[in-house]
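All remarks here apply to the structure that follows.
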Protein chains: 2
Amino acid sequence: MADLATLLADCAATVDKTMDLLLPQPDDAEARLFEAMRYSCQAGGKRLRPFLVMQCAALFRVDKRCAARVAAAVEFMHTYSLIHDDLPAMDNSDTRRGRPSCHKQFDEATAILAGDALQALAFEILSAPETHADPNVRIELVKELSQAAGGHGMCGGQMIDLLAEQQEAEMNIGAITRLQRLKTGEMFAFSSVAGAVLGKGSYRSYMALHNFAQEFGLAFQISDDLLDAEGDPEKTGKPVGQDAAAGKATFVSILGAERARAQAHLLIEQAVHALDVFDEAADPLREAARFVVDRTN
Amino acid sequence: MADLATLLADCAATVDKTMDLLLPQPDDAEARLFEAMRYSCQAGGKRLRPFLVMQCAALFRVDKRCAARVAAAVEFMHTYSLIHDDLPAMDNSDTRRGRPSCHKQFDEATAILAGDALQALAFEILSAPETHADPNVRIELVKELSQAAGGHGMCGGQMIDLLAEQQEAEMNIGAITRLQRLKTGEMFAFSSVAGAVLGKGSYRSYMALHNFAQEFGLAFQISDDLLDAEGDPEKTGKPVGQDAAAGKATFVSILGAERARAQAHLLIEQAVHALDVFDEAADPLREAARFVVDRTN
């Protein structure tokens, strides 16, 4: 197997190319909207959700071009959520991955519309026959993505997060686990099970990927909290201790760094265990899971 | 045939009930999000898009419960666009149909999320088997709604509208027609053709409804501009001359009231003509078209 860094880079290149083909060209009166959509999609990042889509789809020998379309749809959805989360009324972030955030580069109205249009684009891509010949598969993808993104998924999680910051919601370990499951876990879960949906995998393999993604997503979030609390600013590109300074409840603030780290490792063991139904084809997923808790950025 | 006011009221009651059943209950930590979604959906309005869905579906004897779900999805999409359009960064409207707009009643962050979640909910509803037993029909609805709502539809139209207000786009009759076709026309078109999709109508009937909706939508917009320019504030509930005061390019500012009115009537004649392939079952649509240019609010 190629090493994980190579796999991640290959996946990012494939999905970046697919996203570029799928994004509208800025050649009309509404060009500014398409420029903003492209700007935010080209901000880079690990493309971790696309990586899950591509790797899980590979377990079922899904055509790579089909998987790349679903990966692009997931990343469009994720990008829309980042654009809206960065808005002044939400997290008020002026920068995103070292560049001005969308509303700083353009303006707030354009950023809101770019996010809205990216959400619609994600569903448009899933609905096209190029994504899968079987309409049952395409509609199942639409159903699962809409649920992962909506009020009982990503949007609901972001709402709880905002209320928690305003101290209007009591945060304990149960509450924060639920918040993260909605805010990021459901999209990780979609990214993983999409492979089984595309490949018409068994219920057993679908559930294996679902369970993998749940544990993986939580471990990812805990490691994010750990990097914020004690990471190397030169590697993370962010000042240390932002969450604590903001009085934000995190896994680290509730459990302490040591127990949080132990919990992340336990979750990753469970995630890897969930993959036992797959042979060595799932090794990149196993390695990605271990990478997530050992990463330094 | 029952009179149009009764049909409109019946349709609104059916769709309001369906929307109520489909909206999540505010019973969890993220309750505020669901309250905001419900608040904006319960603001009333003519439910004109749902009316088009229900009436066009009736032409093909589609089960009313299926049509009502699609009508609810369209109205959720329309409501999300109103919530986002009212935001301070967009049209900055403090009121909507005589009540505080969503971001005034709640806050900006909640309003952004409520809009986002309503868009996801619209696609979730279309993807469910209760909307139609045939996955080909459901995925076609998803494809058409995502296109009508996205960068080449509603979002693109709103972008052009914002640029026009900042005088960054030159507005002539061609430009304003394109703006309105994108901003409102595509969603009217979806609302109309959805009936043919649900009922597996012929290509000829699909195109008839598509053409009907295009003319209907433009006529609706011109009559909106006329009401703004010379309507009775007691009936419209809005002060007269807001567009002119804001220096906004409208059909009335470009054509003058008299030519704009003549154009609206011509468009409605064309819209009614497009319905010639249908028998008297389409009479409510014909009457709605005539009502749209003669209305006083």
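Chains: A, B, ... in order of the structure tokens. Residues: from 1 per chain. Ligands: from 1, in order shown.
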
Determine, using only C-alpha atoms, which residues of chain B have any atom at most 7 Å from an atom of chain A, and tabulate each with its shortest atom pair and distance in Å to one decimal place, rows ordered by chain and then rising number, as CSV.
residue,atom,partner,partner_atom,distance
B:Ala29,CA,A:Ile160,CA,6.2
B:Glu30,CA,A:Ile160,CA,5.3
B:Leu33,CA,A:Met159,CA,6.5
B:Ala89,CA,A:Ala109,CA,5.1
B:Met90,CA,A:Ala109,CA,5.3
B:Glu108,CA,A:Ala89,CA,5.8
B:Ala109,CA,A:Ala89,CA,5.1
B:Leu113,CA,A:Cys155,CA,6.0
B:Ala117,CA,A:Gly150,CA,4.6
B:Ala120,CA,A:Ser146,CA,5.0
B:Leu121,CA,A:Gly150,CA,6.3
B:Phe123,CA,A:Ser146,CA,6.2
B:Glu124,CA,A:Ser146,CA,5.2
B:Ser127,CA,A:Lys143,CA,5.3
B:Ala128,CA,A:Lys143,CA,7.0
B:Pro135,CA,A:Asn136,CA,5.6
B:Asn136,CA,A:Pro135,CA,5.6
B:Ile139,CA,A:Ile139,CA,5.7
B:Val142,CA,A:Ser127,CA,6.3
B:Lys143,CA,A:Ser127,CA,5.3
B:Ser146,CA,A:Ala120,CA,5.0
B:Gln147,CA,A:Glu124,CA,6.5
B:Ala149,CA,A:Ala120,CA,6.5
B:Gly150,CA,A:Ala117,CA,4.6
B:Gly151,CA,A:Ala117,CA,5.2
B:Cys155,CA,A:Ala117,CA,6.0
B:Gly156,CA,A:Glu30,CA,5.6
B:Met159,CA,A:Glu30,CA,5.8
B:Ile160,CA,A:Glu30,CA,5.3

message: Need to verify the contact set: His78 (chain B), 9 Å, only C-alpha atoms, exclusion of same-chain residues closer than 5 positions in sequence. Can you return it as a PyMOL selection string?
response: chain B and resi 49+73+83+119+187

Those residues with N, CA and C atoms, as a compact mmCIF listing (two decimals), in the first residue's frame please?
# COMPACT_ATOMS: atom_id res chain seq x y z
N ARG B 49 -46.75 29.33 -4.81
CA ARG B 49 -45.98 28.22 -5.38
C ARG B 49 -46.62 26.88 -5.04
N ALA B 73 -42.19 21.23 0.24
CA ALA B 73 -40.75 21.36 -0.04
C ALA B 73 -40.47 22.68 -0.75
N ILE B 83 -35.91 34.29 4.36
CA ILE B 83 -35.15 34.50 5.61
C ILE B 83 -33.78 35.08 5.30
N GLN B 119 -33.47 24.51 3.60
CA GLN B 119 -33.06 24.03 2.27
C GLN B 119 -32.80 22.52 2.32
N MET B 187 -38.17 29.03 -9.79
CA MET B 187 -38.92 28.34 -8.74
C MET B 187 -40.40 28.23 -9.13

Please provide chain B as an mmCIF file with C-alpha atoms, in the first residue's frame, once it has been superposed on chain A by least squares across all sequentially paired Cα atoms.
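part.cif written:
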data_model
loop_
_atom_site.group_PDB
_atom_site.id
_atom_site.type_symbol
_atom_site.label_atom_id
_atom_site.label_comp_id
_atom_site.auth_asym_id
_atom_site.auth_seq_id
_atom_site.Cartn_x
_atom_site.Cartn_y
_atom_site.Cartn_z
ATOM 1 C CA MET B 1 -0.064 0.026 -0.001
ATOM 2 C CA ALA B 2 1.144 3.556 -0.781
ATOM 3 C CA ASP B 3 1.787 5.625 2.319
ATOM 4 C CA LEU B 4 -1.057 7.640 3.784
ATOM 5 C CA ALA B 5 0.366 11.042 2.883
ATOM 6 C CA THR B 6 0.529 9.981 -0.792
ATOM 7 C CA LEU B 7 -3.007 8.595 -0.664
ATOM 8 C CA LEU B 8 -4.299 11.783 0.919
ATOM 9 C CA ALA B 9 -2.510 13.929 -1.652
ATOM 10 C CA ASP B 10 -3.750 11.788 -4.564
ATOM 11 C CA CYS B 11 -7.278 11.932 -3.251
ATOM 12 C CA ALA B 12 -7.108 15.707 -2.784
ATOM 13 C CA ALA B 13 -5.822 16.135 -6.352
ATOM 14 C CA THR B 14 -8.589 13.952 -7.809
ATOM 15 C CA VAL B 15 -11.333 15.647 -5.852
ATOM 16 C CA ASP B 16 -9.972 19.154 -6.468
ATOM 17 C CA LYS B 17 -10.069 18.437 -10.201
ATOM 18 C CA THR B 18 -13.599 17.044 -9.985
ATOM 19 C CA MET B 19 -14.748 20.064 -7.952
ATOM 20 C CA ASP B 20 -13.204 22.387 -10.526
ATOM 21 C CA LEU B 21 -15.128 20.682 -13.327
ATOM 22 C CA LEU B 22 -18.376 20.770 -11.358
ATOM 23 C CA LEU B 23 -18.216 24.408 -10.229
ATOM 24 C CA PRO B 24 -19.919 26.917 -12.541
ATOM 25 C CA GLN B 25 -17.648 29.149 -14.612
ATOM 26 C CA PRO B 26 -17.677 32.820 -13.634
ATOM 27 C CA ASP B 27 -18.713 34.161 -17.044
ATOM 28 C CA ASP B 28 -22.023 35.943 -16.465
ATOM 29 C CA ALA B 29 -23.677 38.781 -14.533
ATOM 30 C CA GLU B 30 -23.707 36.612 -11.430
ATOM 31 C CA ALA B 31 -19.957 35.900 -11.875
ATOM 32 C CA ARG B 32 -19.211 37.246 -8.404
ATOM 33 C CA LEU B 33 -21.230 34.383 -6.889
ATOM 34 C CA PHE B 34 -19.293 31.739 -8.810
ATOM 35 C CA GLU B 35 -15.974 33.426 -7.984
ATOM 36 C CA ALA B 36 -16.847 33.289 -4.283
ATOM 37 C CA MET B 37 -17.849 29.610 -4.545
ATOM 38 C CA ARG B 38 -14.562 28.791 -6.278
ATOM 39 C CA TYR B 39 -12.489 30.919 -3.904
ATOM 40 C CA SER B 40 -13.724 29.039 -0.850
ATOM 41 C CA CYS B 41 -13.501 25.623 -2.490
ATOM 42 C CA GLN B 42 -9.906 26.296 -3.516
ATOM 43 C CA ALA B 43 -8.804 27.055 0.039
ATOM 44 C CA GLY B 44 -7.363 23.541 0.284
ATOM 45 C CA GLY B 45 -7.448 21.628 3.534
ATOM 46 C CA LYS B 46 -6.908 17.938 4.108
ATOM 47 C CA ARG B 47 -10.029 16.935 2.138
ATOM 48 C CA LEU B 48 -10.573 14.342 4.860
ATOM 49 C CA ARG B 49 -14.278 13.799 4.050
ATOM 50 C CA PRO B 50 -13.506 13.204 0.338
ATOM 51 C CA PHE B 51 -10.760 10.813 1.446
ATOM 52 C CA LEU B 52 -13.318 8.807 3.437
ATOM 53 C CA VAL B 53 -15.695 8.752 0.447
ATOM 54 C CA MET B 54 -13.006 7.592 -1.987
ATOM 55 C CA GLN B 55 -11.505 4.977 0.335
ATOM 56 C CA CYS B 56 -14.849 3.552 1.459
ATOM 57 C CA ALA B 57 -16.073 3.442 -2.143
ATOM 58 C CA ALA B 58 -12.881 1.605 -3.130
ATOM 59 C CA LEU B 59 -13.813 -1.174 -0.668
ATOM 60 C CA PHE B 60 -16.737 -1.943 -2.983
ATOM 61 C CA ARG B 61 -14.793 -1.355 -6.207
ATOM 62 C CA VAL B 62 -16.946 1.648 -7.094
ATOM 63 C CA ASP B 63 -15.939 3.515 -10.264
ATOM 64 C CA LYS B 64 -13.560 6.261 -9.143
ATOM 65 C CA ARG B 65 -15.289 8.923 -11.231
ATOM 66 C CA CYS B 66 -18.589 8.244 -9.457
ATOM 67 C CA ALA B 67 -16.929 8.290 -6.044
ATOM 68 C CA ALA B 68 -15.120 11.544 -6.883
ATOM 69 C CA ARG B 69 -18.465 13.216 -7.679
ATOM 70 C CA VAL B 70 -19.874 12.202 -4.298
ATOM 71 C CA ALA B 71 -16.623 13.320 -2.642
ATOM 72 C CA ALA B 72 -16.947 16.701 -4.374
ATOM 73 C CA ALA B 73 -20.584 17.003 -3.227
ATOM 74 C CA VAL B 74 -19.547 16.330 0.382
ATOM 75 C CA GLU B 75 -16.751 18.895 0.161
ATOM 76 C CA PHE B 76 -19.115 21.483 -1.362
ATOM 77 C CA MET B 77 -21.436 20.889 1.599
ATOM 78 C CA HIS B 78 -18.538 21.145 4.062
ATOM 79 C CA THR B 79 -17.278 24.323 2.356
ATOM 80 C CA TYR B 80 -20.729 25.938 2.529
ATOM 81 C CA SER B 81 -20.825 25.209 6.272
ATOM 82 C CA LEU B 82 -17.389 26.798 6.767
ATOM 83 C CA ILE B 83 -18.414 29.919 4.795
ATOM 84 C CA HIS B 84 -21.546 30.368 6.915
ATOM 85 C CA ASP B 85 -19.771 29.479 10.194
ATOM 86 C CA ASP B 86 -17.165 32.184 9.520
ATOM 87 C CA LEU B 87 -19.810 34.939 9.106
ATOM 88 C CA PRO B 88 -19.783 37.827 11.624
ATOM 89 C CA ALA B 89 -23.126 36.674 13.070
ATOM 90 C CA MET B 90 -21.702 33.180 13.667
ATOM 91 C CA ASP B 91 -18.023 32.590 14.621
ATOM 92 C CA ASN B 92 -16.875 35.922 13.119
ATOM 93 C CA SER B 93 -13.623 34.563 11.651
ATOM 94 C CA ASP B 94 -11.705 36.899 9.376
ATOM 95 C CA THR B 95 -9.384 34.181 8.136
ATOM 96 C CA ARG B 96 -9.701 30.573 7.038
ATOM 97 C CA ARG B 97 -6.613 28.465 6.366
ATOM 98 C CA GLY B 98 -4.393 31.541 6.287
ATOM 99 C CA ARG B 99 -6.477 33.446 3.691
ATOM 100 C CA PRO B 100 -9.282 35.972 4.158
ATOM 101 C CA SER B 101 -12.569 34.164 4.825
ATOM 102 C CA CYS B 102 -15.189 34.398 2.079
ATOM 103 C CA HIS B 103 -17.056 37.390 3.529
ATOM 104 C CA LYS B 104 -13.773 39.288 4.000
ATOM 105 C CA GLN B 105 -12.583 38.551 0.461
ATOM 106 C CA PHE B 106 -16.009 39.381 -1.052
ATOM 107 C CA ASP B 107 -18.757 40.619 1.265
ATOM 108 C CA GLU B 108 -21.321 39.130 3.641
ATOM 109 C CA ALA B 109 -24.181 38.964 1.144
ATOM 110 C CA THR B 110 -22.005 37.179 -1.425
ATOM 111 C CA ALA B 111 -20.743 34.757 1.228
ATOM 112 C CA ILE B 112 -24.285 33.875 2.344
ATOM 113 C CA LEU B 113 -25.327 33.265 -1.271
ATOM 114 C CA ALA B 114 -22.164 31.301 -2.111
ATOM 115 C CA GLY B 115 -22.919 28.954 0.793
ATOM 116 C CA ASP B 116 -26.552 28.619 -0.249
ATOM 117 C CA ALA B 117 -25.605 27.850 -3.854
ATOM 118 C CA LEU B 118 -22.951 25.304 -2.794
ATOM 119 C CA GLN B 119 -25.570 23.395 -0.799
ATOM 120 C CA ALA B 120 -27.882 23.304 -3.832
ATOM 121 C CA LEU B 121 -24.957 22.237 -6.038
ATOM 122 C CA ALA B 122 -24.171 19.285 -3.762
ATOM 123 C CA PHE B 123 -27.692 17.913 -4.246
ATOM 124 C CA GLU B 124 -27.629 18.667 -7.975
ATOM 125 C CA ILE B 125 -24.478 16.564 -8.347
ATOM 126 C CA LEU B 126 -25.926 13.630 -6.407
ATOM 127 C CA SER B 127 -29.073 13.701 -8.562
ATOM 128 C CA ALA B 128 -27.231 13.395 -11.897
ATOM 129 C CA PRO B 129 -26.974 9.978 -13.621
ATOM 130 C CA GLU B 130 -23.186 10.426 -13.883
ATOM 131 C CA THR B 131 -23.030 9.849 -10.113
ATOM 132 C CA HIS B 132 -24.640 6.409 -10.386
ATOM 133 C CA ALA B 133 -26.747 4.699 -13.053
ATOM 134 C CA ASP B 134 -29.284 3.432 -10.489
ATOM 135 C CA PRO B 135 -31.783 6.096 -9.339
ATOM 136 C CA ASN B 136 -32.314 4.138 -6.097
ATOM 137 C CA VAL B 137 -28.672 4.733 -5.233
ATOM 138 C CA ARG B 138 -28.807 8.436 -6.119
ATOM 139 C CA ILE B 139 -31.965 9.090 -4.103
ATOM 140 C CA GLU B 140 -30.519 7.211 -1.122
ATOM 141 C CA LEU B 141 -27.460 9.482 -1.266
ATOM 142 C CA VAL B 142 -29.721 12.565 -1.387
ATOM 143 C CA LYS B 143 -31.733 11.313 1.571
ATOM 144 C CA GLU B 144 -28.670 10.573 3.685
ATOM 145 C CA LEU B 145 -26.851 13.811 2.821
ATOM 146 C CA SER B 146 -29.934 15.968 3.473
ATOM 147 C CA GLN B 147 -30.375 14.337 6.875
ATOM 148 C CA ALA B 148 -26.676 14.691 7.749
ATOM 149 C CA ALA B 149 -26.722 18.373 6.773
ATOM 150 C CA GLY B 150 -30.071 19.516 8.186
ATOM 151 C CA GLY B 151 -31.668 20.361 11.505
ATOM 152 C CA HIS B 152 -30.977 16.915 12.946
ATOM 153 C CA GLY B 153 -27.399 17.029 11.637
ATOM 154 C CA MET B 154 -24.864 19.756 10.857
ATOM 155 C CA CYS B 155 -27.213 22.759 11.226
ATOM 156 C CA GLY B 156 -28.592 21.444 14.518
ATOM 157 C CA GLY B 157 -25.054 20.909 15.834
ATOM 158 C CA GLN B 158 -24.000 24.432 14.891
ATOM 159 C CA MET B 159 -27.107 25.794 16.656
ATOM 160 C CA ILE B 160 -26.194 23.932 19.880
ATOM 161 C CA ASP B 161 -22.606 25.179 19.543
ATOM 162 C CA LEU B 162 -23.773 28.808 19.294
ATOM 163 C CA LEU B 163 -26.125 28.393 22.263
ATOM 164 C CA ALA B 164 -23.341 26.768 24.300
ATOM 165 C CA GLU B 165 -21.048 29.728 23.579
ATOM 166 C CA GLN B 166 -23.772 32.052 24.824
ATOM 167 C CA GLN B 167 -23.889 29.786 27.921
ATOM 168 C CA GLU B 168 -27.544 29.111 27.181
ATOM 169 C CA ALA B 169 -26.974 25.366 27.112
ATOM 170 C CA GLU B 170 -25.380 23.362 29.922
ATOM 171 C CA MET B 171 -22.369 21.460 28.571
ATOM 172 C CA ASN B 172 -21.316 18.160 30.068
ATOM 173 C CA ILE B 173 -19.612 15.234 28.342
ATOM 174 C CA GLY B 174 -22.943 13.886 27.069
ATOM 175 C CA ALA B 175 -24.030 17.242 25.682
ATOM 176 C CA ILE B 176 -20.714 17.940 23.972
ATOM 177 C CA THR B 177 -20.646 14.446 22.477
ATOM 178 C CA ARG B 178 -24.120 14.985 21.020
ATOM 179 C CA LEU B 179 -23.136 18.456 19.752
ATOM 180 C CA GLN B 180 -20.122 17.047 17.915
ATOM 181 C CA ARG B 181 -22.004 14.037 16.622
ATOM 182 C CA LEU B 182 -24.483 16.407 14.966
ATOM 183 C CA LYS B 183 -22.078 19.171 13.924
ATOM 184 C CA THR B 184 -19.343 17.029 12.371
ATOM 185 C CA GLY B 185 -20.116 13.351 13.059
ATOM 186 C CA GLU B 186 -23.097 13.025 10.727
ATOM 187 C CA MET B 187 -21.138 14.361 7.750
ATOM 188 C CA PHE B 188 -18.223 11.994 8.530
ATOM 189 C CA ALA B 189 -20.794 9.191 8.720
ATOM 190 C CA PHE B 190 -22.307 10.166 5.368
ATOM 191 C CA SER B 191 -18.844 10.314 3.797
ATOM 192 C CA SER B 192 -18.144 6.770 4.957
ATOM 193 C CA VAL B 193 -21.450 5.031 4.275
ATOM 194 C CA ALA B 194 -21.721 6.684 0.836
ATOM 195 C CA GLY B 195 -19.196 4.071 -0.336
ATOM 196 C CA ALA B 196 -21.484 1.240 0.756
ATOM 197 C CA VAL B 197 -24.491 2.961 -0.846
ATOM 198 C CA LEU B 198 -22.628 3.473 -4.147
ATOM 199 C CA GLY B 199 -21.325 -0.098 -4.089
ATOM 200 C CA LYS B 200 -24.590 -1.645 -2.867
ATOM 201 C CA GLY B 201 -22.752 -3.178 0.061
ATOM 202 C CA SER B 202 -24.398 -5.424 2.635
ATOM 203 C CA TYR B 203 -26.199 -3.971 5.648
ATOM 204 C CA ARG B 204 -23.328 -5.376 7.721
ATOM 205 C CA SER B 205 -20.695 -3.434 5.795
ATOM 206 C CA TYR B 206 -22.866 -0.304 5.807
ATOM 207 C CA MET B 207 -23.154 -0.469 9.599
ATOM 208 C CA ALA B 208 -19.428 -1.199 9.958
ATOM 209 C CA LEU B 209 -18.614 2.016 8.085
ATOM 210 C CA HIS B 210 -21.255 3.933 10.018
ATOM 211 C CA ASN B 211 -19.783 2.833 13.356
ATOM 212 C CA PHE B 212 -16.245 3.469 12.131
ATOM 213 C CA ALA B 213 -17.193 7.032 11.165
ATOM 214 C CA GLN B 214 -18.934 7.822 14.448
ATOM 215 C CA GLU B 215 -15.860 6.894 16.501
ATOM 216 C CA PHE B 216 -13.489 8.416 13.959
ATOM 217 C CA GLY B 217 -15.398 11.719 13.980
ATOM 218 C CA LEU B 218 -15.372 12.045 17.756
ATOM 219 C CA ALA B 219 -11.687 11.148 17.963
ATOM 220 C CA PHE B 220 -10.988 13.752 15.281
ATOM 221 C CA GLN B 221 -12.809 16.395 17.314
ATOM 222 C CA ILE B 222 -10.995 15.499 20.543
ATOM 223 C CA SER B 223 -7.641 15.741 18.755
ATOM 224 C CA ASP B 224 -8.751 19.125 17.399
ATOM 225 C CA ASP B 225 -9.453 20.272 20.953
ATOM 226 C CA LEU B 226 -6.067 18.910 22.090
ATOM 227 C CA LEU B 227 -4.248 20.757 19.303
ATOM 228 C CA ASP B 228 -6.002 23.960 20.313
ATOM 229 C CA ALA B 229 -5.010 23.455 23.951
ATOM 230 C CA GLU B 230 -1.417 22.321 23.549
ATOM 231 C CA GLY B 231 -0.475 22.189 19.866
ATOM 232 C CA ASP B 232 2.562 23.872 18.323
ATOM 233 C CA PRO B 233 1.331 27.177 16.798
ATOM 234 C CA GLU B 234 4.010 26.867 14.093
ATOM 235 C CA LYS B 235 2.476 23.585 12.940
ATOM 236 C CA THR B 236 -1.230 24.250 13.536
ATOM 237 C CA GLY B 237 -1.070 27.787 12.134
ATOM 238 C CA LYS B 238 -3.303 28.926 15.005
ATOM 239 C CA PRO B 239 -2.472 30.536 18.370
ATOM 240 C CA VAL B 240 -2.594 28.083 21.269
ATOM 241 C CA GLY B 241 -5.421 28.182 23.835
ATOM 242 C CA GLN B 242 -8.112 29.964 21.784
ATOM 243 C CA ASP B 243 -10.926 27.756 23.126
ATOM 244 C CA ALA B 244 -9.883 28.266 26.756
ATOM 245 C CA ALA B 245 -9.543 32.032 26.240
ATOM 246 C CA ALA B 246 -13.068 32.101 24.809
ATOM 247 C CA GLY B 247 -14.358 30.052 27.757
ATOM 248 C CA LYS B 248 -15.511 27.395 25.300
ATOM 249 C CA ALA B 249 -16.506 23.970 26.611
ATOM 250 C CA THR B 250 -14.435 21.295 24.840
ATOM 251 C CA PHE B 251 -13.505 17.681 25.491
ATOM 252 C CA VAL B 252 -10.246 19.020 26.973
ATOM 253 C CA SER B 253 -11.898 21.580 29.262
ATOM 254 C CA ILE B 254 -14.274 18.924 30.581
ATOM 255 C CA LEU B 255 -12.017 15.836 30.730
ATOM 256 C CA GLY B 256 -8.560 17.409 31.036
ATOM 257 C CA ALA B 257 -5.872 16.801 28.394
ATOM 258 C CA GLU B 258 -4.729 13.416 29.672
ATOM 259 C CA ARG B 259 -8.162 11.785 29.846
ATOM 260 C CA ALA B 260 -9.153 13.416 26.552
ATOM 261 C CA ARG B 261 -6.088 11.893 24.866
ATOM 262 C CA ALA B 262 -6.833 8.468 26.358
ATOM 263 C CA GLN B 263 -10.444 8.779 25.185
ATOM 264 C CA ALA B 264 -9.333 9.661 21.635
ATOM 265 C CA HIS B 265 -7.073 6.600 21.511
ATOM 266 C CA LEU B 266 -9.866 4.389 22.822
ATOM 267 C CA LEU B 267 -12.253 5.734 20.177
ATOM 268 C CA ILE B 268 -9.706 5.067 17.440
ATOM 269 C CA GLU B 269 -9.236 1.491 18.635
ATOM 270 C CA GLN B 270 -13.027 1.079 18.438
ATOM 271 C CA ALA B 271 -13.077 2.711 14.989
ATOM 272 C CA VAL B 272 -10.395 0.325 13.730
ATOM 273 C CA HIS B 273 -12.207 -2.592 15.325
ATOM 274 C CA ALA B 274 -15.374 -1.643 13.416
ATOM 275 C CA LEU B 275 -13.408 -2.218 10.205
ATOM 276 C CA ASP B 276 -12.710 -5.884 11.076
ATOM 277 C CA VAL B 277 -15.280 -7.010 8.489
ATOM 278 C CA PHE B 278 -12.967 -5.675 5.758
ATOM 279 C CA ASP B 279 -9.641 -7.138 4.617
ATOM 280 C CA GLU B 280 -6.433 -5.212 3.973
ATOM 281 C CA ALA B 281 -8.255 -3.039 1.419
ATOM 282 C CA ALA B 282 -9.334 -1.012 4.472
ATOM 283 C CA ASP B 283 -5.742 -0.429 5.636
ATOM 284 C CA PRO B 284 -5.695 3.204 4.432
ATOM 285 C CA LEU B 285 -8.803 3.831 6.577
ATOM 286 C CA ARG B 286 -7.136 2.160 9.559
ATOM 287 C CA GLU B 287 -4.023 4.246 9.062
ATOM 288 C CA ALA B 288 -6.042 7.454 8.627
ATOM 289 C CA ALA B 289 -7.785 6.730 11.916
ATOM 290 C CA ARG B 290 -4.469 6.367 13.744
ATOM 291 C CA PHE B 291 -3.075 9.443 11.980
ATOM 292 C CA VAL B 292 -5.993 11.536 13.201
ATOM 293 C CA VAL B 293 -5.023 11.208 16.870
ATOM 294 C CA ASP B 294 -1.273 11.455 16.310
ATOM 295 C CA ARG B 295 -1.320 14.450 13.975
ATOM 296 C CA THR B 296 0.367 17.732 14.848
ATOM 297 C CA ASN B 297 -1.784 19.963 12.620
#

- request: List every residue of region 139-202 of chain B that DSSP, applied to the backbone of this structure, places in alpha helix (DSSP H), and write the result as an MDAnalysis selection string.
  value: chainID B and resid 139:149 154:165 173:180 186:198

With C-alpha atoms retained, write the just-selected residues as a short mmCIF file (atom, residue, chain, number, x, y, z; two decimals), in the first residue's frame.
data_model
loop_
_atom_site.label_atom_id
_atom_site.label_comp_id
_atom_site.auth_asym_id
_atom_site.auth_seq_id
_atom_site.Cartn_x
_atom_site.Cartn_y
_atom_site.Cartn_z
CA ILE B 139 -34.52 12.04 -8.24
CA GLU B 140 -35.92 14.09 -11.13
CA LEU B 141 -37.62 16.37 -8.59
CA VAL B 142 -34.33 16.73 -6.66
CA LYS B 143 -32.45 17.54 -9.86
CA GLU B 144 -34.96 20.16 -10.98
CA LEU B 145 -35.32 21.80 -7.55
CA SER B 146 -31.54 21.96 -6.99
CA GLN B 147 -31.10 23.63 -10.38
CA ALA B 148 -33.96 26.08 -9.77
CA ALA B 149 -32.53 27.02 -6.37
CA MET B 154 -32.61 31.62 -7.31
CA CYS B 155 -29.17 32.28 -5.76
CA GLY B 156 -27.80 33.60 -9.05
CA GLY B 157 -30.81 35.91 -9.43
CA GLN B 158 -30.40 37.28 -5.91
CA MET B 159 -26.70 37.92 -6.63
CA ILE B 160 -27.57 39.93 -9.78
CA ASP B 161 -30.22 41.82 -7.79
CA LEU B 162 -27.68 42.81 -5.12
CA LEU B 163 -25.14 43.88 -7.75
CA ALA B 164 -27.80 45.90 -9.57
CA GLU B 165 -28.67 47.72 -6.33
CA ILE B 173 -35.18 45.27 -19.99
CA GLY B 174 -33.16 42.21 -21.03
CA ALA B 175 -31.06 42.23 -17.88
CA ILE B 176 -34.03 42.69 -15.56
CA THR B 177 -35.96 39.94 -17.34
CA ARG B 178 -33.03 37.55 -16.86
CA LEU B 179 -32.66 38.62 -13.21
CA GLN B 180 -36.32 37.86 -12.50
CA GLU B 186 -37.13 29.16 -12.00
CA MET B 187 -38.92 28.34 -8.74
CA PHE B 188 -42.32 29.11 -10.35
CA ALA B 189 -41.27 26.83 -13.22
CA PHE B 190 -40.29 24.04 -10.82
CA SER B 191 -43.59 24.41 -8.97
CA SER B 192 -45.49 23.96 -12.22
CA VAL B 193 -43.53 21.19 -13.92
CA ALA B 194 -43.35 19.19 -10.66
CA GLY B 195 -46.96 18.17 -11.39
CA ALA B 196 -45.96 16.70 -14.75
CA VAL B 197 -42.96 14.95 -13.16
CA LEU B 198 -45.11 13.46 -10.37
#
